[in-house]
$ cat run.csv   # CSV, C-alpha atoms and all ligand atoms
chain,number,residue,atom,x,y,z
A,698,MET,CA,5.5,8.9,-7.6
A,699,SER,CA,6.4,8.1,-3.9
A,700,LEU,CA,4.0,5.6,-2.1
A,701,LEU,CA,3.1,8.0,0.7
A,702,ALA,CA,3.7,11.5,-0.8
A,703,GLY,CA,1.7,14.1,1.2
A,704,ARG,CA,0.3,11.7,3.7
A,705,THR,CA,0.8,11.9,7.4
A,706,ALA,CA,1.8,8.8,9.5
A,707,VAL,CA,1.9,8.3,13.2
A,708,VAL,CA,4.2,5.5,14.4
A,709,THR,CA,4.1,4.7,18.2
A,710,GLY,CA,7.2,3.4,20.0
A,711,SER,CA,9.3,4.7,17.1
A,712,ALA,CA,12.2,6.3,18.8
A,713,GLN,CA,14.1,3.0,18.1
A,714,GLY,CA,13.9,-0.5,16.8
A,715,ILE,CA,11.1,-1.7,14.4
A,716,GLY,CA,9.2,1.6,14.9
A,717,TYR,CA,12.1,3.7,13.8
A,718,ALA,CA,12.7,1.5,10.8
A,719,ILE,CA,9.0,1.9,9.8
A,720,ALA,CA,9.3,5.7,10.2
A,721,GLU,CA,12.5,5.7,8.0
A,722,ALA,CA,10.7,3.7,5.3
A,723,PHE,CA,7.7,6.0,5.4
A,724,ALA,CA,9.9,9.1,5.3
A,725,ALA,CA,11.7,7.7,2.2
A,726,GLU,CA,8.3,7.4,0.5
A,727,GLY,CA,7.4,11.1,1.1
A,728,ALA,CA,5.3,10.8,4.3
A,729,ASN,CA,5.1,13.4,7.1
A,730,LEU,CA,6.0,11.6,10.3
A,731,VAL,CA,4.9,11.8,13.9
A,732,ILE,CA,7.3,9.9,16.0
A,733,ALA,CA,5.6,9.0,19.2
A,734,ASP,CA,7.4,7.4,22.2
A,735,ILE,CA,7.1,7.2,25.9
A,736,ASN,CA,10.4,9.1,26.1
A,737,GLY,CA,9.7,12.5,24.5
A,738,ASP,CA,13.4,13.5,24.2
A,739,ALA,CA,14.1,10.2,22.4
A,740,ALA,CA,11.1,10.9,20.1
A,741,GLU,CA,12.3,14.3,19.2
A,742,ALA,CA,15.9,13.1,18.6
A,743,ALA,CA,14.6,10.3,16.3
A,744,ALA,CA,12.4,12.8,14.4
A,745,LEU,CA,15.5,15.0,13.9
A,746,GLN,CA,17.6,11.9,12.9
A,747,LEU,CA,15.2,11.1,10.0
A,748,GLY,CA,16.7,14.1,8.2
A,749,ILE,CA,13.4,15.3,6.7
A,750,GLY,CA,13.3,18.6,8.6
A,751,SER,CA,9.9,20.0,9.3
A,752,ARG,CA,8.2,16.9,7.8
A,753,ALA,CA,8.9,15.1,11.1
A,754,ILE,CA,7.9,15.9,14.7
A,755,GLY,CA,8.5,14.0,17.9
A,756,VAL,CA,5.7,13.6,20.5
A,757,ALA,CA,5.8,12.2,24.0
A,758,CYS,CA,3.0,9.6,24.4
A,759,ASP,CA,2.3,6.8,26.7
A,760,VAL,CA,0.1,4.6,24.5
A,761,SER,CA,-1.8,3.1,27.5
A,762,SER,CA,-3.2,6.6,28.3
A,763,GLY,CA,-6.3,7.5,26.5
A,764,ALA,CA,-5.6,11.2,27.0
A,765,ASP,CA,-2.1,10.9,25.6
A,766,VAL,CA,-3.3,8.9,22.5
A,767,ALA,CA,-6.1,11.5,21.8
A,768,ALA,CA,-3.5,14.3,22.1
A,769,LEU,CA,-1.2,12.4,19.7
A,770,ALA,CA,-3.8,12.1,17.0
A,771,GLN,CA,-4.6,15.8,17.5
A,772,ALA,CA,-0.9,16.7,17.2
A,773,ALA,CA,-0.8,15.0,13.8
A,774,THR,CA,-3.8,16.8,12.4
A,775,ASP,CA,-2.9,20.2,14.0
A,776,ARG,CA,0.7,20.0,12.5
A,777,PHE,CA,0.0,18.4,9.1
A,778,GLY,CA,-3.7,18.7,8.4
A,779,SER,CA,-4.6,15.0,8.1
A,780,LEU,CA,-3.9,11.5,9.6
A,781,ASP,CA,-3.6,8.9,6.9
A,782,VAL,CA,-1.5,6.1,8.5
A,783,PHE,CA,-1.4,5.0,12.1
A,784,VAL,CA,1.0,2.2,13.3
A,785,ASN,CA,0.4,0.7,16.7
A,786,ASN,CA,4.0,-0.5,17.4
A,787,ALA,CA,5.0,0.5,20.9
A,788,GLY,CA,5.8,-2.5,23.0
A,789,ILE,CA,7.4,-4.0,26.1
A,790,THR,CA,8.1,-7.5,27.4
A,791,ARG,CA,7.8,-8.8,31.0
A,792,ASP,CA,8.6,-12.5,30.4
A,793,ALA,CA,8.3,-15.1,33.1
A,794,THR,CA,6.6,-18.4,33.6
A,795,MET,CA,3.2,-18.2,35.2
A,796,ARG,CA,4.8,-19.4,38.5
A,797,LYS,CA,6.9,-16.2,38.6
A,798,MET,CA,4.7,-13.7,36.6
A,799,THR,CA,3.0,-11.2,38.9
A,800,GLU,CA,-0.3,-9.6,38.2
A,801,ASP,CA,1.5,-6.4,37.6
A,802,MET,CA,3.6,-7.9,34.9
A,803,PHE,CA,0.5,-9.3,33.2
A,804,ASP,CA,-1.4,-5.9,33.5
A,805,GLN,CA,1.6,-3.9,32.1
A,806,VAL,CA,1.9,-5.9,29.0
A,807,ILE,CA,-1.9,-6.0,28.3
A,808,ALA,CA,-2.0,-2.2,28.9
A,809,VAL,CA,0.7,-1.3,26.4
A,810,HIS,CA,0.0,-3.8,23.6
A,811,LEU,CA,-3.8,-4.4,23.8
A,812,ARG,CA,-5.2,-1.3,25.4
A,813,GLY,CA,-2.7,0.8,23.6
A,814,SER,CA,-3.5,-0.6,20.2
A,815,TRP,CA,-7.2,-0.3,20.9
A,816,LEU,CA,-6.8,3.4,21.9
A,817,GLY,CA,-4.6,4.1,18.8
A,818,THR,CA,-7.0,2.3,16.5
A,819,ARG,CA,-10.0,4.1,18.0
A,820,ALA,CA,-8.4,7.6,17.8
A,821,ALA,CA,-7.0,7.0,14.3
A,822,ALA,CA,-10.3,5.6,12.9
A,823,ALA,CA,-12.2,8.6,14.4
A,824,VAL,CA,-10.2,11.0,12.2
A,825,MET,CA,-9.8,8.7,9.1
A,826,ARG,CA,-13.5,7.9,8.7
A,827,GLU,CA,-14.3,11.6,8.4
A,828,GLN,CA,-11.7,12.4,5.8
A,829,PRO,CA,-11.9,11.7,2.0
A,830,GLY,CA,-9.9,8.6,1.1
A,831,GLY,CA,-10.0,7.0,4.6
A,832,GLY,CA,-6.7,5.7,5.9
A,833,SER,CA,-4.7,2.7,7.0
A,834,ILE,CA,-4.1,1.4,10.5
A,835,VAL,CA,-1.4,-1.3,11.1
A,836,ASN,CA,-1.1,-3.2,14.3
A,837,ILE,CA,2.2,-4.8,15.2
A,838,SER,CA,1.3,-8.1,16.7
A,839,SER,CA,3.8,-11.0,17.0
A,840,ILE,CA,4.1,-14.6,16.0
A,841,SER,CA,3.9,-15.2,19.8
A,842,GLY,CA,0.2,-14.3,19.4
A,843,LYS,CA,-0.3,-17.0,16.9
A,844,VAL,CA,1.4,-20.0,18.5
A,845,GLY,CA,1.9,-18.9,22.2
A,846,LEU,CA,5.4,-18.9,23.6
A,847,MET,CA,6.5,-20.3,26.9
A,848,GLY,CA,7.2,-17.5,29.4
A,849,GLN,CA,5.0,-15.1,27.5
A,850,THR,CA,1.4,-15.8,28.7
A,851,ASN,CA,0.9,-12.0,29.1
A,852,TYR,CA,2.5,-11.1,25.7
A,853,SER,CA,1.0,-14.0,23.7
A,854,ALA,CA,-2.5,-13.1,25.1
A,855,ALA,CA,-2.0,-9.4,24.2
A,856,LYS,CA,-0.7,-10.1,20.7
A,857,ALA,CA,-3.5,-12.6,20.0
A,858,GLY,CA,-6.0,-10.0,21.3
A,859,MET,CA,-4.6,-7.5,18.8
A,860,VAL,CA,-5.6,-9.9,15.9
A,861,GLY,CA,-9.2,-9.9,17.2
A,862,LEU,CA,-9.1,-6.1,17.5
A,863,THR,CA,-7.8,-5.8,14.0
A,864,LYS,CA,-10.5,-7.9,12.4
A,865,ALA,CA,-13.4,-6.4,14.4
A,866,ALA,CA,-12.2,-2.8,13.7
A,867,ALA,CA,-11.7,-3.6,10.0
A,868,LYS,CA,-15.4,-4.6,9.9
A,869,GLU,CA,-16.6,-1.5,11.7
A,870,VAL,CA,-14.7,1.1,9.5
A,871,GLY,CA,-14.3,-0.6,6.1
A,872,PHE,CA,-17.3,1.4,4.8
A,873,ALA,CA,-15.2,4.6,5.1
A,874,ASN,CA,-12.2,3.0,3.3
A,875,VAL,CA,-10.3,2.8,6.6
A,876,ARG,CA,-8.3,-0.4,6.4
A,877,VAL,CA,-7.0,-2.2,9.5
A,878,ASN,CA,-4.3,-4.9,9.2
A,879,ALA,CA,-1.8,-6.7,11.5
A,880,VAL,CA,1.8,-7.8,11.1
A,881,GLN,CA,3.2,-10.6,13.0
A,882,PRO,CA,7.0,-10.4,13.2
A,883,GLY,CA,9.1,-13.4,14.1
A,884,LEU,CA,12.6,-13.0,15.7
A,885,ILE,CA,13.9,-9.6,14.7
A,886,ARG,CA,17.2,-8.0,15.6
A,887,THR,CA,16.3,-4.9,17.8
A,888,PRO,CA,17.1,-3.6,21.3
A,889,MET,CA,14.1,-5.7,22.5
A,890,THR,CA,15.9,-9.0,21.5
A,891,GLU,CA,19.5,-7.9,22.1
A,892,GLY,CA,19.6,-9.3,25.6
A,893,MET,CA,18.3,-12.7,24.7
A,894,ARG,CA,20.3,-15.6,26.0
A,895,GLU,CA,22.6,-17.2,23.4
A,896,ASP,CA,21.2,-20.8,23.9
A,897,ILE,CA,17.6,-19.6,23.5
A,898,LYS,CA,18.6,-17.6,20.4
A,899,GLU,CA,20.3,-20.7,18.9
A,900,ALA,CA,17.2,-22.9,19.6
A,901,ARG,CA,14.9,-20.3,17.9
A,902,LEU,CA,17.2,-20.0,14.9
A,903,LYS,CA,16.7,-23.7,14.2
A,904,GLU,CA,13.0,-23.2,13.8
A,905,ILE,CA,13.4,-20.5,11.1
A,906,ALA,CA,13.2,-21.7,7.5
A,907,LEU,CA,15.5,-18.9,6.3
A,908,GLY,CA,17.9,-19.8,9.1
A,909,ARG,CA,18.5,-16.2,10.4
A,910,MET,CA,17.0,-13.4,12.5
A,911,GLY,CA,15.1,-10.7,10.6
A,912,GLU,CA,16.0,-7.1,10.3
A,913,ALA,CA,13.8,-4.2,11.4
A,914,THR,CA,13.8,-2.9,7.8
A,915,GLU,CA,12.2,-6.2,6.7
A,916,ILE,CA,9.2,-5.6,9.0
A,917,ALA,CA,9.1,-2.0,7.7
A,918,GLN,CA,8.8,-3.1,4.1
A,919,ALA,CA,5.7,-5.2,5.0
A,920,VAL,CA,4.2,-2.3,7.0
A,921,LEU,CA,4.9,0.1,4.1
A,922,PHE,CA,2.9,-2.2,1.8
A,923,LEU,CA,-0.1,-2.2,4.2
A,924,ALA,CA,0.1,1.5,4.7
A,925,SER,CA,0.1,2.4,1.0
A,926,ASP,CA,-2.4,2.0,-1.8
A,927,MET,CA,-0.4,-1.1,-2.9
A,928,SER,CA,-2.7,-3.0,-0.5
A,929,SER,CA,-5.9,-1.1,-1.3
A,930,TYR,CA,-8.1,-4.2,-1.2
A,931,ILE,CA,-6.5,-5.8,1.9
A,932,THR,CA,-8.2,-5.3,5.3
A,933,GLY,CA,-8.5,-7.5,8.4
A,934,ALA,CA,-5.4,-9.4,7.3
A,935,VAL,CA,-2.6,-10.8,9.4
A,936,VAL,CA,0.8,-10.8,7.6
A,937,GLU,CA,3.5,-13.1,9.1
A,938,VAL,CA,7.0,-11.8,8.6
A,939,THR,CA,9.0,-14.5,10.2
A,940,GLY,CA,11.4,-16.0,7.7
A,941,GLY,CA,9.2,-19.1,7.7
A,942,ARG,CA,8.8,-19.8,11.5
A,943,HIS,CA,5.7,-21.3,13.0
A,944,MET,CA,4.0,-21.5,9.5
A,1001,LIG,P1,11.9,-1.9,21.2
A,1001,LIG,O1,13.2,-1.8,20.5
A,1001,LIG,O2,11.9,-2.1,22.6
A,1001,LIG,O3,11.1,-0.5,20.9
A,1001,LIG,C1,9.8,-0.3,21.5
A,1001,LIG,C2,9.6,1.2,21.7
A,1001,LIG,O4,8.4,1.4,22.3
A,1001,LIG,C3,10.7,1.7,22.7
A,1001,LIG,O5,11.1,3.0,22.2
A,1001,LIG,C4,9.9,1.9,24.0
A,1001,LIG,O6,10.4,2.9,24.8
A,1001,LIG,C5,8.6,2.3,23.4
A,1001,LIG,N1,7.5,2.1,24.4
A,1001,LIG,C6,7.4,1.2,25.5
A,1001,LIG,N2,6.3,1.4,26.2
A,1001,LIG,C7,5.7,2.5,25.6
A,1001,LIG,C8,4.5,3.1,25.9
A,1001,LIG,N3,3.7,2.8,27.0
A,1001,LIG,N4,4.1,4.2,25.1
A,1001,LIG,C9,4.9,4.6,24.1
A,1001,LIG,N5,6.0,3.9,23.8
A,1001,LIG,C10,6.4,2.9,24.5
A,1001,LIG,O7,11.0,-3.0,20.5
A,1001,LIG,P2,11.0,-3.6,19.0
A,1001,LIG,O8,11.7,-4.9,19.0
A,1001,LIG,O9,11.3,-2.5,18.0
A,1001,LIG,O10,9.4,-3.9,19.0
A,1001,LIG,C11,8.5,-3.1,18.3
A,1001,LIG,C12,7.1,-3.9,18.2
A,1001,LIG,O11,7.4,-5.1,17.5
A,1001,LIG,C13,6.6,-4.3,19.6
A,1001,LIG,O12,5.2,-4.2,19.6
A,1001,LIG,C14,7.0,-5.7,19.7
A,1001,LIG,O13,6.2,-6.4,20.6
A,1001,LIG,C15,6.9,-6.2,18.3
A,1001,LIG,N6,7.7,-7.4,18.0
A,1001,LIG,C16,9.0,-7.4,18.1
A,1001,LIG,C17,9.7,-8.6,17.8
A,1001,LIG,C18,11.2,-8.7,17.8
A,1001,LIG,O14,11.8,-9.7,17.6
A,1001,LIG,N7,11.9,-7.6,18.1
A,1001,LIG,C19,9.0,-9.7,17.4
A,1001,LIG,C20,7.6,-9.7,17.3
A,1001,LIG,C21,7.0,-8.5,17.6
A,1001,LIG,P3,11.4,2.4,26.0
A,1001,LIG,O15,12.6,1.8,25.4
A,1001,LIG,O16,11.7,3.7,26.7
A,1001,LIG,O17,10.6,1.4,26.8
$ encode --input "run.csv" --output "structure tokens"
Amino acid sequence: MSLLAGRTAVVTGSAQGIGYAIAEAFAAEGANLVIADINGDAAEAAALQLGIGSRAIGVACDVSSGADVAALAQAATDRFGSLDVFVNNAGITRDATMRKMTEDMFDQVIAVHLRGSWLGTRAAAAVMREQPGGGSIVNISSISGKVGLMGQTNYSAAKAGMVGLTKAAAKEVGFANVRVNAVQPGLIRTPMTEGMREDIKEARLKEIALGRMGEATEIAQAVLFLASDMSSYITGAVVEVTGGRHM
């Protein structure tokens, strides 16, 4: 029996990178997929690329917009009849030291990660708490939110905020068997990290016990575990997937 057979999953920011790998892992386990991304064409192309036909749709959604996120949850239930898994994955970086970071760079990162995850968690929980069986919400935080990284005061703050959001929401909706968990990836090979300077990459690799970058599929496996009944007694947890960095 597949882990997510007959269930419907929304993954934000899933036209590429970690989000797409999560969608692929879910699709392989029988889920219906809603690929949400700020670029609607890219979302539709990714849904097609999954190769599961009418089991996947692409939806344009800016996760920092309450109206877009509400419409996204509605699109999932309209098309597939339920919303069982919601992954808040969409992300951006606007790195700079505080001397150079503008208020706009701070606000943009908080809006996408923290406000976006809150909007997604709220919209998903509203559906899941009313349906038999509840559901699973997974917030993609970052190890940057655990330890704080130089040049990321905006991103570290947002990713730490997502941990508080995860735990508070888990307490609010646990009664309805809605589980809310977070994943903190370390250094993962995706378009987001492609442009990283070689010297910075080399320095970061030295901090990783397993001595290598992670693959998006390795985050997807952890998210699949949290999305499925394999983790039925886990809520409010933060799972580090870092190859042993900043333990
Ligand atoms: P990515 O390759 O840049 O993918 C992120 C996706 O989110 C892109 O398709 C992006 O679209 C989309 N997006 C951006 N703003 C959005 C918005 N407002 N609404 C909807 N979609 C939006 O990044 P990734 O590396 O896969 O990262 C995925 C998540 O993992 C992020 O939350 C990131 O912070 C987290 N993470 C990544 C790493 C890593 O090493 N890669 C480590 C820790 C945590 P555009 O490309 O058009 O902007």
$ closest_residue --input "run.csv" --among "A:Val766, A:Gln746, A:Ser838, A:Thr890" --to "Ala733 (chain A)" --atoms "only C-alpha atoms"
A:Val766
$ residues_around --input "run.csv" --residues "Ile749 (chain A)" --least-positions-apart "4" --cutoff "8 Å" --atoms "all atoms listed in the file" --output "mmCIF file with C-alpha atoms, in the coordinates of the input"
data_model
loop_
_atom_site.group_PDB
_atom_site.id
_atom_site.type_symbol
_atom_site.label_atom_id
_atom_site.label_comp_id
_atom_site.auth_asym_id
_atom_site.auth_seq_id
_atom_site.Cartn_x
_atom_site.Cartn_y
_atom_site.Cartn_z
ATOM 1 C CA ALA A 724 9.900 9.100 5.300
ATOM 2 C CA LEU A 745 15.500 15.000 13.900
ATOM 3 C CA ALA A 753 8.900 15.100 11.100
#
$ closest_residue --input "run.csv" --among "A:Ala718, A:Ala900, A:Ile905, A:Val875" --to "ligand LIG 1001 (chain A)" --atoms "all atoms listed in the file"
A:Ala718
$ residues_near_ligand --input "run.csv" --ligand "ligand LIG 1001 (chain A)" --cutoff "7 Å" --atoms "all atoms listed in the file" --output "ChimeraX atom specification"
/A:709-716,733-736,758-761,786-789,809-810,837-840,881-890
$ write_last_selection --input "run.csv" --atoms "C-alpha atoms" --output "JSON list (two decimals), in the coordinates of the input"
[["chain", "number", "residue", "atom", "x", "y", "z"],
["A", 709, "THR", "CA", 4.10, 4.70, 18.20],
["A", 710, "GLY", "CA", 7.20, 3.40, 20.00],
["A", 711, "SER", "CA", 9.30, 4.70, 17.10],
["A", 712, "ALA", "CA", 12.20, 6.30, 18.80],
["A", 713, "GLN", "CA", 14.10, 3.00, 18.10],
["A", 714, "GLY", "CA", 13.90, -0.50, 16.80],
["A", 715, "ILE", "CA", 11.10, -1.70, 14.40],
["A", 716, "GLY", "CA", 9.20, 1.60, 14.90],
["A", 733, "ALA", "CA", 5.60, 9.00, 19.20],
["A", 734, "ASP", "CA", 7.40, 7.40, 22.20],
["A", 735, "ILE", "CA", 7.10, 7.20, 25.90],
["A", 736, "ASN", "CA", 10.40, 9.10, 26.10],
["A", 758, "CYS", "CA", 3.00, 9.60, 24.40],
["A", 759, "ASP", "CA", 2.30, 6.80, 26.70],
["A", 760, "VAL", "CA", 0.10, 4.60, 24.50],
["A", 761, "SER", "CA", -1.80, 3.10, 27.50],
["A", 786, "ASN", "CA", 4.00, -0.50, 17.40],
["A", 787, "ALA", "CA", 5.00, 0.50, 20.90],
["A", 788, "GLY", "CA", 5.80, -2.50, 23.00],
["A", 789, "ILE", "CA", 7.40, -4.00, 26.10],
["A", 809, "VAL", "CA", 0.70, -1.30, 26.40],
["A", 810, "HIS", "CA", 0.00, -3.80, 23.60],
["A", 837, "ILE", "CA", 2.20, -4.80, 15.20],
["A", 838, "SER", "CA", 1.30, -8.10, 16.70],
["A", 839, "SER", "CA", 3.80, -11.00, 17.00],
["A", 840, "ILE", "CA", 4.10, -14.60, 16.00],
["A", 881, "GLN", "CA", 3.20, -10.60, 13.00],
["A", 882, "PRO", "CA", 7.00, -10.40, 13.20],
["A", 883, "GLY", "CA", 9.10, -13.40, 14.10],
["A", 884, "LEU", "CA", 12.60, -13.00, 15.70],
["A", 885, "ILE", "CA", 13.90, -9.60, 14.70],
["A", 886, "ARG", "CA", 17.20, -8.00, 15.60],
["A", 887, "THR", "CA", 16.30, -4.90, 17.80],
["A", 888, "PRO", "CA", 17.10, -3.60, 21.30],
["A", 889, "MET", "CA", 14.10, -5.70, 22.50],
["A", 890, "THR", "CA", 15.90, -9.00, 21.50]]
$ closest_residue --input "run.csv" --among "A:Leu846, A:Val756, A:Val870, A:Ala855" --to "Gln805 (chain A)" --atoms "all atoms listed in the file"
A:Ala855
$ closest_residue --input "run.csv" --among "A:Ala822, A:Ala857, A:Leu747, A:Ala865" --to "Glu721 (chain A)" --atoms "all atoms listed in the file"
A:Leu747
